[in-house]
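Chemist: Please see the structure below; I have some questions.
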Amino acid sequence: MWLDMATLLLIHGPNLNLLGAREPRHYGAKTLRDIEGEVADAAKRLGHTVSAFQSNHEGAIIDFLQKESPKAAGIIINPGALTHYSYALYDALRDTKLPAVEVHLSDIASREEWRRVSVTSPACIAQISGKKEAGYIEALEILDAEIKSG
Ligand code: DQA
C-alpha cells in the first residue's frame with residue numbers, strides 16, 4: 001500500500017534563510033526560495049506536496065515537527081548548525097516516527113572538525129552531504145521510494 005499524495009516536510013534550520021548570499025563556496029548560489037521551489041516541483045512530479053519551513057530557532061522547528069508530522073509521510077531536513085549539537089531535535093525527529101533524510105549543501109566531512117559530528121543523523125534513514133542543492137532531489141527520491149515501498 002502506498003499513499004497517492006503524500007505531504008513531505010522540508011525544514012531548514014538557523015542561517016539557511018541567508019542562502020544565496022551566505023558563503024556560496026560552501027552553500028551554492030541558490031536562495032532558500034529557489035531550493036524550496038525546486039523541491040516542490042520535483043515532489044509534484046512524483047505526486048507529492050511539500051510543506052516548507054525555516055527557522056533560526058530550535059524550539060520553533062520542534063513545534064513545527066510536532067504539529068505537522070501527524071499529517072505528513074516524510075521529512076527532508078537541513079538542520080544547519082543544530083546538526084552538530086541538538087539532542088532536542090534528534091528526539092523530535094525520532095518522535096515523529098517518520099522517515100527523515102538529512103541534507104547538507106556543503107561537505108560537512110571535509111570542513112571543521114566539529115562539523116563532522118551529526119547528532120541528528122541517527123534519527124534519519126539517510127544523510128546526503130556535499131552535493132549542494134542536488135542533495136535535496138536525491139533526498140526526495142529516497143523518501144519517495146521509502147513511502148511507496150510502504
Ligand atoms: C549546513 C552545514 C552546517 O555545518 C552549517 O552550520 C549550516 C549549513 C550545510 O547545508 O552544509 O548552516 O547544514
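Residue numbering restarts at 1 for every chain of the C-alpha cells, chains are lettered A, B, ... in their displayed order, and ligands are numbered from 1 as they appear.
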Could you give me, as a PyMOL selection string, the residues within 12 Å of Ala139 in chain A, counting only C-alpha atoms and dropping anything in the same chain fewer than 3 positions from it?
Modeler: chain A and resi 8-10+39+42-43+74-78+99-105+124-129+131-136+142-146
Chemist: Give the residue list for ligand 1 at 8 Å, counting only C-alpha atoms and all ligand atoms, as a list of chain:residue names, sorted by chain and then by residue number.
Modeler: A:Gly13, A:Pro14, A:Asn15, A:Leu16, A:His26, A:Tyr27, A:Asn78, A:Pro79, A:Gly80, A:Ala81, A:Leu82, A:Thr83, A:His84, A:Val103, A:His104, A:Leu105, A:Ser106, A:Asp107, A:Ile108, A:Arg115, A:Ser129, A:Gly130, A:Lys132
Chemist: As a PDB file with C-alpha atoms, in the first residue's frame, please: every residue in chain A that a backbone DSSP assignment puts in helix (DSSP H, G or I).
Modeler:
ATOM      1  CA  LEU A  16      19.707  28.994   5.982  1.00  0.00           C
ATOM      2  CA  ASN A  17      17.335  31.906   5.280  1.00  0.00           C
ATOM      3  CA  LEU A  18      20.519  33.619   4.059  1.00  0.00           C
ATOM      4  CA  PRO A  24      28.416  30.470  -1.859  1.00  0.00           C
ATOM      5  CA  ARG A  25      31.653  28.435  -1.997  1.00  0.00           C
ATOM      6  CA  HIS A  26      30.131  26.095   0.577  1.00  0.00           C
ATOM      7  CA  TYR A  27      26.414  26.522   0.068  1.00  0.00           C
ATOM      8  CA  LEU A  32      16.183  29.215   0.020  1.00  0.00           C
ATOM      9  CA  ARG A  33      13.167  30.173  -2.063  1.00  0.00           C
ATOM     10  CA  ASP A  34      14.859  28.701  -5.183  1.00  0.00           C
ATOM     11  CA  ILE A  35      15.546  25.443  -3.370  1.00  0.00           C
ATOM     12  CA  GLU A  36      12.057  25.215  -1.890  1.00  0.00           C
ATOM     13  CA  GLY A  37      10.612  25.803  -5.372  1.00  0.00           C
ATOM     14  CA  GLU A  38      12.784  23.140  -6.983  1.00  0.00           C
ATOM     15  CA  VAL A  39      11.925  20.573  -4.316  1.00  0.00           C
ATOM     16  CA  ALA A  40       8.209  21.380  -4.587  1.00  0.00           C
ATOM     17  CA  ASP A  41       8.317  20.964  -8.386  1.00  0.00           C
ATOM     18  CA  ALA A  42      10.195  17.668  -8.197  1.00  0.00           C
ATOM     19  CA  ALA A  43       7.845  16.423  -5.472  1.00  0.00           C
ATOM     20  CA  LYS A  44       4.837  17.317  -7.608  1.00  0.00           C
ATOM     21  CA  ARG A  45       6.213  15.209 -10.462  1.00  0.00           C
ATOM     22  CA  GLU A  58      15.388  25.265  17.619  1.00  0.00           C
ATOM     23  CA  GLY A  59      12.077  25.303  19.512  1.00  0.00           C
ATOM     24  CA  ALA A  60      10.153  26.635  16.525  1.00  0.00           C
ATOM     25  CA  ILE A  61      11.432  23.740  14.405  1.00  0.00           C
ATOM     26  CA  ILE A  62      10.414  21.256  17.102  1.00  0.00           C
ATOM     27  CA  ASP A  63       6.961  22.879  17.353  1.00  0.00           C
ATOM     28  CA  PHE A  64       6.591  22.596  13.565  1.00  0.00           C
ATOM     29  CA  LEU A  65       7.580  18.912  13.630  1.00  0.00           C
ATOM     30  CA  GLN A  66       5.122  18.142  16.421  1.00  0.00           C
ATOM     31  CA  LYS A  67       2.277  19.991  14.714  1.00  0.00           C
ATOM     32  CA  GLU A  68       2.815  18.938  11.108  1.00  0.00           C
ATOM     33  CA  SER A  69       4.273  15.429  11.282  1.00  0.00           C
ATOM     34  CA  PRO A  70       0.942  13.693  12.034  1.00  0.00           C
ATOM     35  CA  LYS A  71      -0.263  14.919   8.606  1.00  0.00           C
ATOM     36  CA  GLY A  80      22.125  23.836   9.807  1.00  0.00           C
ATOM     37  CA  ALA A  81      24.390  24.007  12.858  1.00  0.00           C
ATOM     38  CA  LEU A  82      21.724  22.287  15.014  1.00  0.00           C
ATOM     39  CA  THR A  83      23.004  19.136  13.283  1.00  0.00           C
ATOM     40  CA  HIS A  84      26.079  19.192  15.442  1.00  0.00           C
ATOM     41  CA  TYR A  87      19.729  16.340  21.001  1.00  0.00           C
ATOM     42  CA  ALA A  88      16.313  18.013  21.300  1.00  0.00           C
ATOM     43  CA  LEU A  89      15.986  17.951  17.511  1.00  0.00           C
ATOM     44  CA  TYR A  90      17.173  14.328  17.423  1.00  0.00           C
ATOM     45  CA  ASP A  91      14.428  13.433  19.917  1.00  0.00           C
ATOM     46  CA  ALA A  92      11.809  15.407  17.988  1.00  0.00           C
ATOM     47  CA  LEU A  93      12.712  13.669  14.716  1.00  0.00           C
ATOM     48  CA  ARG A  94      12.515  10.258  16.424  1.00  0.00           C
ATOM     49  CA  ASP A  95       9.175  11.140  17.966  1.00  0.00           C
ATOM     50  CA  THR A  96       7.633  11.828  14.546  1.00  0.00           C
ATOM     51  CA  ILE A 108      30.469  18.505   6.397  1.00  0.00           C
ATOM     52  CA  ALA A 109      33.091  15.741   6.493  1.00  0.00           C
ATOM     53  CA  SER A 110      35.748  17.928   4.879  1.00  0.00           C
ATOM     54  CA  GLU A 113      36.349  19.052  12.930  1.00  0.00           C
ATOM     55  CA  TRP A 114      33.178  19.958  14.867  1.00  0.00           C
ATOM     56  CA  ARG A 115      31.061  19.787  11.707  1.00  0.00           C
ATOM     57  CA  ARG A 116      31.935  16.126  11.201  1.00  0.00           C
ATOM     58  CA  SER A 121      21.501  11.833  11.510  1.00  0.00           C
ATOM     59  CA  PRO A 122      20.927   8.720  13.679  1.00  0.00           C
ATOM     60  CA  ALA A 123      17.243   9.750  13.663  1.00  0.00           C
ATOM     61  CA  ALA A 134      21.077  18.354  -5.921  1.00  0.00           C
ATOM     62  CA  GLY A 135      21.186  16.704  -2.493  1.00  0.00           C
ATOM     63  CA  TYR A 136      17.571  17.676  -1.891  1.00  0.00           C
ATOM     64  CA  ILE A 137      16.382  15.925  -5.052  1.00  0.00           C
ATOM     65  CA  GLU A 138      18.289  12.811  -4.031  1.00  0.00           C
ATOM     66  CA  ALA A 139      16.647  13.034  -0.595  1.00  0.00           C
ATOM     67  CA  LEU A 140      13.258  13.311  -2.250  1.00  0.00           C
ATOM     68  CA  GLU A 141      13.904  10.206  -4.318  1.00  0.00           C
ATOM     69  CA  ILE A 142      14.989   8.266  -1.215  1.00  0.00           C
ATOM     70  CA  LEU A 143      11.828   9.312   0.630  1.00  0.00           C
ATOM     71  CA  ASP A 144       9.607   8.597  -2.364  1.00  0.00           C
ATOM     72  CA  ALA A 145      10.995   5.055  -2.609  1.00  0.00           C
ATOM     73  CA  GLU A 146      10.586   4.582   1.139  1.00  0.00           C
ATOM     74  CA  ILE A 147       6.986   5.825   1.142  1.00  0.00           C
ATOM     75  CA  LYS A 148       5.993   3.803  -1.912  1.00  0.00           C
ATOM     76  CA  SER A 149       7.563   0.624  -0.527  1.00  0.00           C
TER      77      SER A 149
END
Chemist: In Å, rounded to a single decimal, give me how far CA of Ser51 in chain A is from CA of Ala73 in chain A.
Modeler: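 We find that CA of Ala73 in chain A and CA of Ser51 in chain A lie 11.1 Å from each other.
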Chemist: Please measure the separation of CA of Ile11 in chain A and CA of Thr49 in chain A, giving the value in Å to one decimal.
Modeler: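 Distance reported for this atom pair: 13.7 Å.
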Chemist: Run DSSP on the backbone and tell me which residues of range 5-109 of chain A come out as strand (DSSP E or B); list them as a list in words.
Modeler: Thr7, Leu8, Leu9, Leu10, Ile11, His12, Thr49, Val50, Ser51, Ala52, Phe53, Gln54, Gly74, Ile75, Ile76, Ile77, Asn78, Ala100, Val101, Glu102, Val103 and His104 of chain A
Chemist: Which residue out of A:Gly47, A:Lys97, A:Thr120, A:His57 has the minimum interatomic distance to Met5 in chain A when only C-alpha atoms are used?
Modeler: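 Of A:Gly47, A:Lys97, A:Thr120, A:His57, the one nearest Met5 in chain A, counting only C-alpha atoms, is A:Gly47.
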